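Okay, structure first, notes after.
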There are 4 protein chains.
Amino acid sequence: MTHTIGGTNYCDVRDHTEALAAPLGPEDQVVQSMPDCSPTKWHRAHTTWFFEEFVLGPHADRYQVVDPDHRYLFNSYYEAVGARQPRPRRGMITRPTVQEVGDYRCRVDDSMVALLDRGIGAEVATLVELGLHHEQQHQELLLMDAKHLLFQNPLRPAYVAAGPTAEPSTGVATPSAASGWIHDDGGLTEIGHDGTDFSYDNEGPRHTTFLQPFAVADRLVTCGEWLAFMDDDGYRRADLWLSDGWATVNAEGWDAPMYWDTTASGAWELFTLGGCRPVDPAEPVVHVSYYEADAYARWAGHRLPTEDEWEVVARDRWSPPTRAGRPAPHPSAAGTDGSDPLQFSGEAWQWTSSAYLPYPGFRTAPGAVGEYNGKFMVNQHVLRGGCCATPRGHGRPTYRNFFPPASRWEFGGVRLADDA
Amino acid sequence: MTHTIGGTNYCDVRDHTEALAAPLGPEDQVVQSMPDCSPTKWHRAHTTWFFEEFVLGPHADRYQVVDPDHRYLFNSYYEAVGARQPRPRRGMITRPTVQEVGDYRCRVDDSMVALLDRGIGAEVATLVELGLHHEQQHQELLLMDAKHLLFQNPLRPAYVAAGPTAEPSTGVATPSAASGWIHDDGGLTEIGHDGTDFSYDNEGPRHTTFLQPFAVADRLVTCGEWLAFMDDDGYRRADLWLSDGWATVNAEGWDAPMYWDTTASGAWELFTLGGCRPVDPAEPVVHVSYYEADAYARWAGHRLPTEDEWEVVARDRWSPPTRAGRPAPHPSAAGTDGSDPLQFSGEAWQWTSSAYLPYPGFRTAPGAVGEYNGKFMVNQHVLRGGCCATPRGHGRPTYRNFFPPASRWEFGGVRLADDA
Amino acid sequence: MTHTIGGTNYCDVRDHTEALAAPLGPEDQVVQSMPDCSPTKWHRAHTTWFFEEFVLGPHADRYQVVDPDHRYLFNSYYEAVGARQPRPRRGMITRPTVQEVGDYRCRVDDSMVALLDRGIGAEVATLVELGLHHEQQHQELLLMDAKHLLFQNPLRPAYVAAGPTAEPSTGVATPSAASGWIHDDGGLTEIGHDGTDFSYDNEGPRHTTFLQPFAVADRLVTCGEWLAFMDDDGYRRADLWLSDGWATVNAEGWDAPMYWDTTASGAWELFTLGGCRPVDPAEPVVHVSYYEADAYARWAGHRLPTEDEWEVVARDRWSPPTRAGRPAPHPSAAGTDGSDPLQFSGEAWQWTSSAYLPYPGFRTAPGAVGEYNGKFMVNQHVLRGGCCATPRGHGRPTYRNFFPPASRWEFGGVRLADDA
Amino acid sequence: MTHTIGGTNYCDVRDHTEALAAPLGPEDQVVQSMPDCSPTKWHRAHTTWFFEEFVLGPHADRYQVVDPDHRYLFNSYYEAVGARQPRPRRGMITRPTVQEVGDYRCRVDDSMVALLDRGIGAEVATLVELGLHHEQQHQELLLMDAKHLLFQNPLRPAYVAAGPTAEPSTGVATPSAASGWIHDDGGLTEIGHDGTDFSYDNEGPRHTTFLQPFAVADRLVTCGEWLAFMDDDGYRRADLWLSDGWATVNAEGWDAPMYWDTTASGAWELFTLGGCRPVDPAEPVVHVSYYEADAYARWAGHRLPTEDEWEVVARDRWSPPTRAGRPAPHPSAAGTDGSDPLQFSGEAWQWTSSAYLPYPGFRTAPGAVGEYNGKFMVNQHVLRGGCCATPRGHGRPTYRNFFPPASRWEFGGVRLADDA
């Protein structure tokens, strides 16, 4: 009878997706701005198909799929499920319409609620829980992709009206004076999720590792510090960059983080989900690539943390945005209630120097669900933490996000580290 | 007080555009399926901007543009007007919305009607007339581009419900028995528009030319004949093809005209604006490139006509779709009333062997309007005639359509010719 | 017993190729600098294979090919002959070596001389004559390609030591004062080769055409005039350019003819086969594309001639570089003996506004030799005349050279024309 | 007076490079077969320039560089040294010639020998030692690149005459019966070079790490086993592959290791430096990418070793090809004397699952030499061991080779591992 699985309510998650899509019209929901992005409509349909394919189809009694074409149109990358619409061409699918996708969501929700009402066993509960966390990931992607799309428009339209709640600056005082280092003696430690509540497969197995003594900064690199890097020719000095990074800087013409632009008066401003606004020197820098994060750290005389170092320090200081409490002024303002002074969650995903690889003993699950994480373990770096677009309750200290080193459209920022 | 310029009614043309867009939802109207295509919404806005930029701005008293951003967003290629949204990225502009573009059209129409009501001089009338013919061209492009977009969808959605009026097969009896040649003795003749009513600048100056004796087929090549070409390995024999054409066939994997597909049973079917239907062997083949038209003609032992040859033969036999008469069952069914037995208009644009070049004595007009045709006179071939998507009354025997030799998304077909 | 066919001596032509290759070492002879270019070694082998494939194989008694692999390696584009090394990868073939290609040439020459000594009939003579003219074309390509290759080297090595004979400036007085127009009344005229001596198939059939009255300049556009075009922002004014040309200018960053470069002092210099030297304002501009030629003509208030206009004027004033007379100081100094005051031959190939298309009545010959010219009749423009790299005796007023409109590595220049 | 630094003789290393180049003619030495490869001539000149730039210029008294252009032409990637010939265009430089590069080598060798004869201090000795190991790396690259170039030629020319010594099969008995696992209990261990003799900077600092218990195979995967993988549709089953790997397999059309080809009879043969020969099922597979190695391991039910696991097992069993002893039958036959039964060195570089990242505490050296390794630490995987093209004495158990995961032209093979 309950619709809550592992502490997450099915209808809450599903409704939140719809709330995030609501400010976007049919035109906004159908266009794909680059191959890595997906249309809003596609996110809404794909997360729905996930429940249909992996829960309702195998586990609901005599379930009839809403439309057999959806398997082709809305499968993301599950090779075991069969052929699918090529990713770079998701934006070509103008039909089913936005309205029809909404209807699809309703019909699947009805079936899911009926299934939950009848009661489900542990195996199905595991799949539903995975489906909900999967949908939360797509909620963040939906915002990332909407931001990217709107930025392609020279009119720079806002996703929501500008205000204090849409990608706010931190509001904390300029942290330069107060910043410092969190020291750790290293040694043998356990890394990875302990398995008592939900996690993705890539967070385990929990395993022993050995760390040298190290220190991690107690806050993120700020925009003010990034401006100093830029002023010191940070984007024009080959000695600061990895070779592939330097090639990318020159090929792409990067001279600032993504979504930064100079105004007529020469000042820098940011494009946010709330529209354009001036850069706040005190706020954490976001939308930088691994290449930039690495170059900045070298310029600053430090380095990036490994994902193990990050986890060791963050797990005792984890202060996620509160789930309960006052309703958020807008769904996009997830992580902004000021309860995270060390900025381990809610401000920016934090690049680590660790390549995204399997933990010792990791094996992918059999079947399509086993494609969820394991097959992406090459050519990417791990980010830890969470950002303003991460749904409340979705993050945890063992969470391993990952993107290619040149990627910038995610909310990626920088926390420095160093040897002890 | 009249809204009719040179026989064309302003409101009729403008309304026809809206009627053509009506079957397309907001999702359909915003996506761009390839760089050569434009979104429906863009066509609707661009044709409106044309009147604002070239008629209302310079000629209406104290005219205020609806939105100064439109000049950037909806200028197509007029360098003299200034910077503009890059053509391959027209599909990134999700706002203004479809609704807002509709409002834009209404506001410009109000101003145009007011201007026409006050009375206009000859110079302005010339610009309005150009704007109306320009909009008619975009009506055809709108249908071409909508067809291309819908074809990207594996569901193959129809623009309008399938029926006898959407890209009908000709309905004439299989023409193979009756077909023959129209002979002409050549000699000195005049080519080009005589200037008594509207034409584009590229149709003149009218000039003398000398033709060898020749013959032109009295009908178009049919799908049945094209199937014979395919059966005879037409797409796999290098000796039939121009070198660039052969490279294109192999690079693109062409083995049939565009929009042809094999069904599960192995038969060929066509995608049309009315959805998929079987190939009718008696109907003219369309959606073939110049390369294919040229290869077919070589295979058939003949050649393509020059544009001069085509014009000489067609001008005495021109039988355009009647303007008056019963209302068309649907706006897309322009050229289908059977009054064109020789198929010079209304069935397919007909590739000629003539490169698109200026006529002797041609000079472009000064200013932005001079960019209309002249600057495209390289790397293209001339097509003559008209097709089912061409608005009634838009064509004439001197009309010079043009596309690059590899282009297939226009309704291009084949009429054979030969030396006498 | 004679080795002279149609006035051309077999051994002279073959030796001239070897003389042109002599200044190039094995390293220079093997590298391919772009897909349109071929290695020197390949030119030497391909022209040899042509005689083997089309003359010796079919017509010499019990002829054994030197190496059966040569058919694959050295066929250029004859689809009828079979598969071949892809053109863009001709530079990957480091073996057979330069020395082995020299040996190949000797062995084929021995067989050819033996065949000629035995006496040949008319059919074979026609093929030998074609092979010799074919080899002369490759002599010009060899120089074009060597120049392009050497220009890739930042050291700018010369093909031959700089001197008065390697791509000399014309030596004529600055022609600005003396220049004028050659007027023609137009009317009916015959165009094309009359067939009494050798011509390529694309020069016929000779046919009647009608021309409007016109005028053609009595000299080529000079570098001094081109500098004025550049100074007047010729490369930065969209209104002067064809649309495809403007896109090319911007994509390629063109701001001067090919092989022009600015020195440290800001002056312009040319890279020639003799190395770098200052631009001479009096010399004809060369290495400009059709797009540039067309833009220049528009800037100058004139136009380019059609190929018919060019032929009508040039055929009565044709003054080719003398064949006999003093030996050329160097093989590359073909057309420089000053006997061509109107510059119809020997200075630069001259872009015409005519697309490269078949003449009325043209049919390709059956078999592989029919691929020689006909299959390239699309996407190119005709150039007339000849240049310093054209072998003596190779040109004639009906000769139709052709290149794509963006091509610049050939010696292409500009002669203006206008309506009467 | 000695020319031996750290056990490596200057003249021996330099002579070995020349011996490796000797079978290649000028044509072979100048062509670049892909952007990752360099011409033989460039390798010979670049290694020479390294001594000139980093040893002679700063440390030889009043040294005059042989040619100041060499800094531009033969700098590989040292940003601190200045601009340089772009890597993908190294093959455009036909001059200086092969002969001139030989002269350059001689002149620099004379200066180096004179410097060594005068005696050098520790700092210079470190640079000379680095230069010699650098040249040994290029010796391997020279062979890799020559093999790649010769394979582009459809004639498949051999680098040296086929024989038992050029890329021999192992000669050991089919190892399937005898193969087994080397078990290790894991725990705390030291990884990295101990610094007592030469190593690259990326092999340190030596540091503590913790390993889970594991096992590593006692031999490499054989061609026979690889054929079983192919027969089991290994290249056509998405479930075996990393996502990026699967995309690469399909984009590149891989269906076998690089340099494998099917003969007319359907059997597989290998292209080697000694020409083509049949695949020997008992020999180790080489020229597979990381993607293939990873997919094979998954198919076999195991995994690849980490670089730490590899090092722990290999360092106690290291049995490099003997330096002394009978002269190698040919310079390319470096690692083939059968003294390496566990195949840790001399047979194939062995892909590890470890991304190429800095060891804890690693910092790059200041200046240009600091660019040697550090700036490549992203987007690559580590390979350990050595191959038939690795010079004798060049390898060691801590040596970290690295290539991008799609790379196949290096001699990369597979050793399996598994959890205990």
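Here's how to read the names in the structure tokens: chain A, B, ... by the order shown, residue numbers from 1 in each chain, ligand numbers from 1 in the order shown.
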What's around Ala22 of chain C at 12 Å? Count only C-alpha atoms, leave out sequence neighbours fewer than 6 positions away in its own chain, and write the answer as a PyMOL selection string. chain C and resi 15-16+28-29+40-41+44+98-99+102+142-143+146+159-160+330-332
Rows by chain and residue number, chain A within 9 Å of chain B, shortest pair, only C-alpha atoms, as a Markdown table:
| residue | atom | partner | partner_atom | distance |
| --- | --- | --- | --- | --- |
| A:Gly25 | CA | B:Thr97 | CA | 8.1 |
| A:Pro26 | CA | B:Glu27 | CA | 5.8 |
| A:Glu27 | CA | B:Thr94 | CA | 5.3 |
| A:Asp28 | CA | B:Thr94 | CA | 5.4 |
| A:Gln29 | CA | B:Glu27 | CA | 8.0 |
| A:Val30 | CA | B:Glu27 | CA | 6.0 |
| A:Val31 | CA | B:Val31 | CA | 6.3 |
| A:Gln32 | CA | B:Met92 | CA | 7.9 |
| A:Ser33 | CA | B:Met92 | CA | 6.5 |
| A:Asp69 | CA | B:Leu155 | CA | 7.8 |
| A:Tyr72 | CA | B:Pro154 | CA | 8.9 |
| A:Leu73 | CA | B:Pro154 | CA | 8.4 |
| A:Gln85 | CA | B:Pro154 | CA | 8.2 |
| A:Arg89 | CA | B:Gln152 | CA | 8.6 |
| A:Gly91 | CA | B:Val31 | CA | 7.4 |
| A:Met92 | CA | B:Gln152 | CA | 6.1 |
| A:Ile93 | CA | B:Asn153 | CA | 5.4 |
| A:Thr94 | CA | B:Glu27 | CA | 5.3 |
| A:Arg95 | CA | B:Glu27 | CA | 7.6 |
| A:Thr97 | CA | B:Glu27 | CA | 6.7 |
| A:Val98 | CA | B:Glu27 | CA | 7.7 |
| A:Leu149 | CA | B:Met92 | CA | 7.0 |
| A:Leu150 | CA | B:Thr94 | CA | 7.8 |
| A:Gln152 | CA | B:Met92 | CA | 6.1 |
| A:Asn153 | CA | B:Ile93 | CA | 5.4 |
| A:Pro154 | CA | B:Ile93 | CA | 8.3 |
| A:Leu155 | CA | B:Asp69 | CA | 7.9 |
| A:Pro157 | CA | B:Arg95 | CA | 7.8 |
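Using only C-alpha atoms, the contacts of segment 107-118 of chain A at a cut-off of 8 Å, with sequence neighbours closer than 6 positions omitted, comprise A:Met1, A:Thr2, A:His3, A:Thr48, A:Phe51, A:Glu52, A:Leu56, A:Ala60, A:Val66.
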Quick one: pull the distance between atom CA of Asp218 of chain D and atom CA of Asp419 of chain D, Å, one decimal. 14.8 Å
For a test of reading the model, state the distance in Å between atom CA of Lys147 of chain D and atom CA of Phe271 of chain D, rounded to one decimal. 8.4 Å
Which residues are close to segment 397-401 of chain D, i.e. within 7 Å by only C-alpha atoms, leaving aside same-chain residues fewer than 2 positions away? Reply as a PyMOL selection string. chain D and resi 192-193+203+311+314-315+318+382-385+395
As a PyMOL selection string, please: every residue in segment 79-197 of chain B that DSSP puts in alpha helix (DSSP H). chain B and resi 98-118+122-152
Write out as JSON, numbers by chain each polymer residue whose atoms come within 9 Å of Phe411 of chain C, counting only C-alpha atoms; drop sequence neighbours fewer than 3 positions from it. {"C": [144, 286, 287, 288, 347, 348, 349, 350, 386, 387, 388, 389, 408]}
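Taking atom CA of Trp181 of chain D as the reference point, atom CA of Pro366 of chain A is found at 26.0 Å.
Of the residues listed (A:Thr390, A:Ser354, A:Ser38, A:Thr209), A:Ser38 shows the shortest atom-to-atom separation from Pro86 of chain A; distances use only C-alpha atoms.
Shortest separation to Leu240 of chain D among A:Gln64, A:Thr352, A:Thr364, A:Thr222 occurs at residue A:Thr364, atoms counted being only C-alpha atoms.
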I want to know what sits within 10 Å of Thr4 of chain C, based on only C-alpha atoms, with residues of the same chain fewer than 5 positions away left out; could you give that as number ranges by chain? C: 9-12, 116, 125, 128-129
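Counting only C-alpha atoms, Val221 of chain D has the following residues at most 8 Å away, ignoring those fewer than 2 positions along the same chain: Arg219, Cys223, Glu225, Trp226, Pro284, Val285, Gly413, Val414, Arg415 and Leu416 of chain D.
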